[in-house]
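Q: First the structure, which I've put down as C-alpha cells, then a few questions once you've had a look.
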Amino acid sequence: MSVLKSPLTKNLRIALIQLKAGADKAANLNSVKNHIEKAISTSTVGPLDVVMLPECFNSPYAVDQFRRYSESIPGGETTEFLSSLAKKHSVYIVGGSIPELADDKVYNTSLTFDPNGEIIAKHRKTHLFDIDIKNGITFKESDSLSAGDKATVFKLGDFGNVGLGICYDIRFPELASVTARAPHNSFAMFYPGAFNTTTGPLHWHLLARSRAVDNEMFVILCSPARDVGGDGYQAYGHSLVVDPYGKIVAEAGEGEEVLFAELDHTLLPAVRQGIPVHYQRRFDVYGDYVGEGKVKVSDK
C-alpha cells in the first residue's frame, strides 16, 4: 500500500482558553484579551498557530439572557474585538461562540478569524441543547435560540481543512463524519462546548474520543471554566485535545486555565493506513448520506 498523504500538512500548535464568563460583557472581553496575551507569551509548544475560546465566552450561558447579549455579525462589538486580537497577534482565533442577532432571530454562533483579522468561517449551532435529565438538569435552548441548518468546513490556511461544531453538535456523529470524508478530508473537528456537571462526567470524554475514533481525526473541545460558588450554569471544564487514535493528549482541570497542545501531522496517515475504515465503508449495505446534506465551505 502506498504511503498516504496527511490532511494536516504540518504540526499545528494550539492554545485552548478555559475561562469564566459573567454578566459584565466588557469584563468578559477583557478577560479574553488577558488570557490570549498570556497564551501568546507563555506557550509551551512554541509560537502559536491557533487560539480557541469556549462556548458563550462573552455572556452568561442562560436561555433568558441570550437575546440581551446578542450582536450582529459582522460589525458587532465582539466580532470587531476578536478580529483585532487575531490581527494583533497574527494568529488564527476559533472564537468559541456568541449570541448572534439576525433577522430578529438569535443564534449560537462561532466565528473563526485568520491572522489578518478576517472572518474565514461561521457556524450556527445546528443541534439545540434541549434536555431533561431526571434528578439532573433541564435546559431548553430552543426557548430563545434558532438552529443553524448547515455543517461547516473551512480551510485553516495551508494547514488543511477543519470542521466546526458547537457543544451539543458533538452528540451527532454525522456532522463530524461529513467533514472528515471526501471531498473535505478535514484533519480535525473543533467544538467550543459548555457541558455541565451532569452531562460532563457522563459523556464529555467519551464523545470526544468517539468522534476522533469514528473519523480518525483530531477532536478539540474548549469549555468554559467552572464557576465554583456561582449560582448560574455550572460548566464542566476539562477542555480536551484528542488524537486520531482516541488518545487524550492534553486536558485542563475545572478552573481558569490555558491549555497547550501540538497536533502531530504524521499521526493521521499512520492511523488511517493502519486501520483503514475510511476506505472500508460498505455503502452498498447502509447507504451514503454525505452527498445529501448541506455543507458550507469557508462561509464568511
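Lettering and numbering for the C-alpha cells are positional, with chains as A, B, ... in the shown order, residues counted from 1 in each chain, and ligands counted from 1 in the shown order.
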Counting only C-alpha atoms, which residues of stretch 206-283 of chain A sit at most 10 Å from some atom of stretch 21-25 of chain A, and what is each one's closest atom pair with its distance in Å to one decimal, listed by chain and rising residue number, as a tab-separated table?

A:
residue	atom	partner	partner_atom	distance
A:Pro224	CA	A:Ala21	CA	7.6
A:Ala225	CA	A:Ala21	CA	8.3
A:Arg226	CA	A:Ala21	CA	9.7
A:Asp227	CA	A:Ala21	CA	8.6
A:Gly230	CA	A:Gly22	CA	9.7
A:Gly232	CA	A:Gly22	CA	9.1

Q: As a list in words, please: the residues near A:Val51 (cut-off 8 Å, only C-alpha atoms, same-chain neighbours under 6 positions excluded).

A: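 Contacts, in chain order: Ile14, Ala15, Leu16, Ile17, Ile36, Val91, Tyr92, Ile93 and Val94 of chain A.
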
Q: When you draw a straight line from atom CA of A:Gly193 to atom CA of A:Leu128, how long is it in Å?

A: 12.1 Å

Q: Neighbouring residues of A:Lys140 were defined as those with any atom within 9 Å, considering only C-alpha atoms; residues of the same chain fewer than 2 positions away were excluded. Please report them as a ChimeraX atom specification.

A: /A:63,128-132,138,142-144

Q: Would you mind exporting N, CA and C atoms of the selected residues as a JSON list (two decimals), in the first residue's frame?

A:
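File out_9.json, as written:
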[["chain", "number", "residue", "atom", "x", "y", "z"],
["A", 63, "VAL", "N", -30.77, 30.78, 28.92],
["A", 63, "VAL", "CA", -31.73, 30.98, 27.84],
["A", 63, "VAL", "C", -32.42, 32.34, 27.92],
["A", 128, "LEU", "N", -29.81, 22.13, 18.89],
["A", 128, "LEU", "CA", -30.04, 22.92, 20.10],
["A", 128, "LEU", "C", -30.13, 22.01, 21.32],
["A", 129, "PHE", "N", -29.60, 22.50, 22.42],
["A", 129, "PHE", "CA", -29.48, 21.74, 23.67],
["A", 129, "PHE", "C", -30.80, 21.78, 24.42],
["A", 130, "ASP", "N", -31.66, 20.85, 24.09],
["A", 130, "ASP", "CA", -32.96, 20.70, 24.76],
["A", 130, "ASP", "C", -32.97, 19.36, 25.48],
["A", 131, "ILE", "N", -32.75, 19.37, 26.79],
["A", 131, "ILE", "CA", -32.67, 18.11, 27.52],
["A", 131, "ILE", "C", -33.44, 18.21, 28.83],
["A", 132, "ASP", "N", -33.77, 17.06, 29.37],
["A", 132, "ASP", "CA", -34.45, 16.97, 30.66],
["A", 132, "ASP", "C", -34.02, 15.66, 31.32],
["A", 138, "THR", "N", -32.41, 20.31, 33.56],
["A", 138, "THR", "CA", -33.34, 20.62, 32.48],
["A", 138, "THR", "C", -32.88, 21.92, 31.82],
["A", 142, "SER", "N", -33.97, 26.02, 22.75],
["A", 142, "SER", "CA", -34.94, 26.44, 21.74],
["A", 142, "SER", "C", -35.96, 27.43, 22.28],
["A", 143, "ASP", "N", -36.00, 27.65, 23.58],
["A", 143, "ASP", "CA", -36.86, 28.69, 24.13],
["A", 143, "ASP", "C", -36.46, 30.07, 23.64],
["A", 144, "SER", "N", -35.17, 30.24, 23.29],
["A", 144, "SER", "CA", -34.72, 31.56, 22.86],
["A", 144, "SER", "C", -33.80, 31.55, 21.64]]

Q: Determine the nearest neighbour of A:Gly148 from the options A:Ala176, A:Leu85, A:Ala102, A:Ile133, counting only C-alpha atoms.

A: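 Looking at the shortest contact to A:Gly148, the residue is A:Ala102.
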
Q: Please return, as a VMD selection string, all residues of stretch 106-271 of chain A that DSSP assigns to helix (DSSP H, G or I) on the basis of the backbone.

A: chain A and resid 141 to 143 167 to 171 173 to 180 199 to 215 267 to 271

Q: Write to file, as a tab-separated table (two decimals), in the first residue's frame, the residues of the selection just made, with C-alpha atoms.

A:
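Heads up, here's the output in out-v3.tsv:
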chain	number	residue	atom	x	y	z
A	141	GLU	CA	-32.07	26.39	24.22
A	142	SER	CA	-34.94	26.44	21.74
A	143	ASP	CA	-36.86	28.69	24.13
A	167	CYS	CA	-21.23	21.72	22.10
A	168	TYR	CA	-24.39	19.58	21.61
A	169	ASP	CA	-23.41	19.15	17.94
A	170	ILE	CA	-20.81	16.61	19.10
A	171	ARG	CA	-23.55	14.11	20.01
A	173	PRO	CA	-21.71	11.82	14.58
A	174	GLU	CA	-22.94	12.68	11.09
A	175	LEU	CA	-21.75	16.29	11.48
A	176	ALA	CA	-18.16	15.22	12.09
A	177	SER	CA	-18.31	12.44	9.50
A	178	VAL	CA	-19.35	14.73	6.68
A	179	THR	CA	-16.32	16.95	7.33
A	180	ALA	CA	-13.82	14.08	7.63
A	199	THR	CA	-23.57	15.66	31.28
A	200	GLY	CA	-19.82	16.28	31.54
A	201	PRO	CA	-18.94	13.32	33.78
A	202	LEU	CA	-21.27	11.13	31.73
A	203	HIS	CA	-20.16	11.84	28.19
A	204	TRP	CA	-17.59	14.65	27.67
A	205	HIS	CA	-14.53	12.43	27.30
A	206	LEU	CA	-16.48	9.59	25.71
A	207	LEU	CA	-17.93	11.74	22.94
A	208	ALA	CA	-14.63	13.46	22.14
A	209	ARG	CA	-12.83	10.14	21.86
A	210	SER	CA	-15.69	8.58	19.91
A	211	ARG	CA	-15.72	11.29	17.25
A	212	ALA	CA	-11.93	11.01	16.98
A	213	VAL	CA	-12.04	7.23	16.51
A	214	ASP	CA	-15.13	7.31	14.26
A	215	ASN	CA	-13.39	9.59	11.79
A	267	LEU	CA	-0.44	10.59	13.10
A	268	LEU	CA	-3.27	10.92	10.59
A	269	PRO	CA	-1.81	8.84	7.73
A	270	ALA	CA	-0.45	6.31	10.24
A	271	VAL	CA	-3.88	5.76	11.79

Q: Which neighbours of stretch 66-80 of chain A fall inside 10 Å, counting only C-alpha atoms, when residues of the same chain fewer than 5 positions from it are skipped, and could you give them as JSON, numbers by chain?

A: {"A": [23, 24, 25, 26, 29, 56, 58, 59, 60, 61, 85, 95, 98, 99, 100, 101, 102, 103, 104, 105, 106, 107, 108, 109, 111, 112, 113, 117, 118, 119, 122, 141, 144, 145, 300]}

Q: Emit the selected residues as a compact mmCIF listing (two decimals), in the first residue's frame, including N, CA and C atoms.

A:
# COMPACT_ATOMS: atom_id res chain seq x y z
N ALA A 23 -21.81 38.41 34.00
CA ALA A 23 -22.85 39.29 33.46
C ALA A 23 -22.29 40.54 32.79
N ASP A 24 -21.05 40.88 33.05
CA ASP A 24 -20.43 42.09 32.52
C ASP A 24 -19.69 41.77 31.22
N LYS A 25 -20.28 42.14 30.08
CA LYS A 25 -19.67 41.80 28.79
C LYS A 25 -18.28 42.41 28.65
N ALA A 26 -18.11 43.66 29.06
CA ALA A 26 -16.81 44.31 28.94
C ALA A 26 -15.75 43.56 29.73
N LEU A 29 -14.82 40.33 27.88
CA LEU A 29 -13.91 40.55 26.75
C LEU A 29 -12.51 40.91 27.23
N CYS A 56 -20.05 30.56 24.41
CA CYS A 56 -20.65 31.68 25.17
C CYS A 56 -19.65 32.34 26.12
N ASN A 58 -18.70 35.52 25.99
CA ASN A 58 -18.93 36.95 26.24
C ASN A 58 -20.22 37.21 27.01
N SER A 59 -20.92 36.15 27.43
CA SER A 59 -22.22 36.32 28.07
C SER A 59 -22.48 35.15 29.01
N PRO A 60 -23.43 35.29 29.92
CA PRO A 60 -23.85 34.13 30.71
C PRO A 60 -24.49 33.08 29.80
N TYR A 61 -24.35 31.82 30.17
CA TYR A 61 -25.00 30.75 29.42
C TYR A 61 -26.37 30.52 30.05
N LEU A 85 -7.76 41.23 17.78
CA LEU A 85 -6.81 40.37 18.51
C LEU A 85 -6.09 39.41 17.57
N GLY A 95 -13.28 31.41 17.55
CA GLY A 95 -13.89 32.31 18.52
C GLY A 95 -15.03 31.73 19.34
N ILE A 98 -20.85 33.06 20.42
CA ILE A 98 -21.54 34.21 20.98
C ILE A 98 -22.99 34.20 20.51
N PRO A 99 -23.89 34.87 21.22
CA PRO A 99 -25.26 35.01 20.71
C PRO A 99 -25.27 36.00 19.54
N GLU A 100 -25.77 35.53 18.40
CA GLU A 100 -25.85 36.35 17.19
C GLU A 100 -27.29 36.75 16.92
N LEU A 101 -27.51 38.03 16.61
CA LEU A 101 -28.83 38.53 16.24
C LEU A 101 -28.89 38.74 14.74
N ALA A 102 -29.85 38.06 14.09
CA ALA A 102 -30.02 38.18 12.65
C ALA A 102 -31.50 38.02 12.30
N ASP A 103 -32.07 39.03 11.65
CA ASP A 103 -33.48 39.00 11.25
C ASP A 103 -34.39 38.68 12.44
N ASP A 104 -34.08 39.30 13.56
CA ASP A 104 -34.83 39.16 14.81
C ASP A 104 -34.76 37.75 15.40
N LYS A 105 -33.90 36.92 14.88
CA LYS A 105 -33.65 35.61 15.47
C LYS A 105 -32.30 35.62 16.17
N VAL A 106 -32.16 34.79 17.20
CA VAL A 106 -30.90 34.68 17.92
C VAL A 106 -30.32 33.30 17.69
N TYR A 107 -29.04 33.26 17.31
CA TYR A 107 -28.33 32.01 17.07
C TYR A 107 -27.13 31.92 18.01
N ASN A 108 -26.71 30.70 18.27
CA ASN A 108 -25.46 30.45 19.00
C ASN A 108 -24.41 30.22 17.93
N THR A 109 -23.51 31.18 17.74
CA THR A 109 -22.68 31.25 16.55
C THR A 109 -21.20 31.30 16.87
N LEU A 111 -17.37 31.99 15.22
CA LEU A 111 -16.61 32.62 14.14
C LEU A 111 -15.15 32.23 14.25
N THR A 112 -14.50 32.05 13.11
CA THR A 112 -13.06 31.84 13.08
C THR A 112 -12.42 32.96 12.26
N PHE A 113 -11.31 33.48 12.79
CA PHE A 113 -10.60 34.60 12.17
C PHE A 113 -9.21 34.15 11.76
N GLY A 117 -7.15 39.03 10.66
CA GLY A 117 -8.37 39.52 11.30
C GLY A 117 -9.62 39.32 10.47
N GLU A 118 -9.53 38.56 9.38
CA GLU A 118 -10.68 38.32 8.51
C GLU A 118 -11.47 37.10 8.99
N ILE A 119 -12.80 37.18 8.90
CA ILE A 119 -13.64 36.02 9.22
C ILE A 119 -13.50 34.99 8.09
N LYS A 122 -18.01 30.65 9.76
CA LYS A 122 -19.13 31.00 10.64
C LYS A 122 -20.04 29.78 10.75
N GLU A 141 -32.57 25.27 25.03
CA GLU A 141 -32.07 26.39 24.22
C GLU A 141 -33.11 26.90 23.24
N SER A 144 -35.17 30.24 23.29
CA SER A 144 -34.72 31.56 22.86
C SER A 144 -33.80 31.55 21.64
N LEU A 145 -33.32 30.38 21.24
CA LEU A 145 -32.39 30.30 20.12
C LEU A 145 -33.02 29.63 18.92
N LYS A 300 -18.30 33.20 5.09
CA LYS A 300 -17.90 34.38 5.88
C LYS A 300 -19.11 35.13 6.41

Q: How far is it from atom CA of A:Leu156 to atom CA of A:Val297, in Å with one decimal?

A: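 Value for the atom CA of A:Leu156-atom CA of A:Val297 distance: 11.3 Å.
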
Q: Need the shell around A:Glu256: protein/DNA/RNA residues with any atom at most 7 Å away, counting only C-alpha atoms. Skip same-chain ones fewer than 6 positions apart. Format as a PyMOL selection string?

A: chain A and resi 18-20+225

Q: From stretch 70-172 of chain A, collect each residue whose DSSP state is strand (DSSP E or B) and return the set as a VMD selection string.

A: chain A and resid 71 92 to 94 98 to 102 105 to 113 119 to 124 130 to 132 138 to 140 146 151 to 155 161 to 164

Q: As a ChimeraX atom specification, please: the residues near stretch 272-274 of chain A (cut-off 12 Å, only C-alpha atoms, same-chain neighbours under 5 positions excluded).

A: /A:1-7,180-181,185,187,212-217,244-245,266-267,279-280

Q: Kindly indicate which residue among A:Thr9, A:Ser90, A:Ser43, A:Ser239 lies nearest to A:Asn161, using only C-alpha atoms for the distances.

A: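 Smallest separation from A:Asn161 among the options: A:Thr9.
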
Q: Between A:Leu82, A:Ile120, A:Val45, A:Val228, which has the minimum distance to A:Lys155 (counting only C-alpha atoms)?

A: A:Ile120

Q: Would you mind reading off the distance between atom CA of A:Lys87 and atom CA of A:Pro115, one decimal, in Å?

A: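 Computed distance, atom CA of A:Lys87 to atom CA of A:Pro115, equals 5.1 Å.
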
Q: Return the single residue from A:His35, A:His238, A:Lys88, A:Arg282 that is closest to A:Val258, with distances computed using only C-alpha atoms.

A: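 Among the listed residues, A:His35 lies closest to A:Val258.
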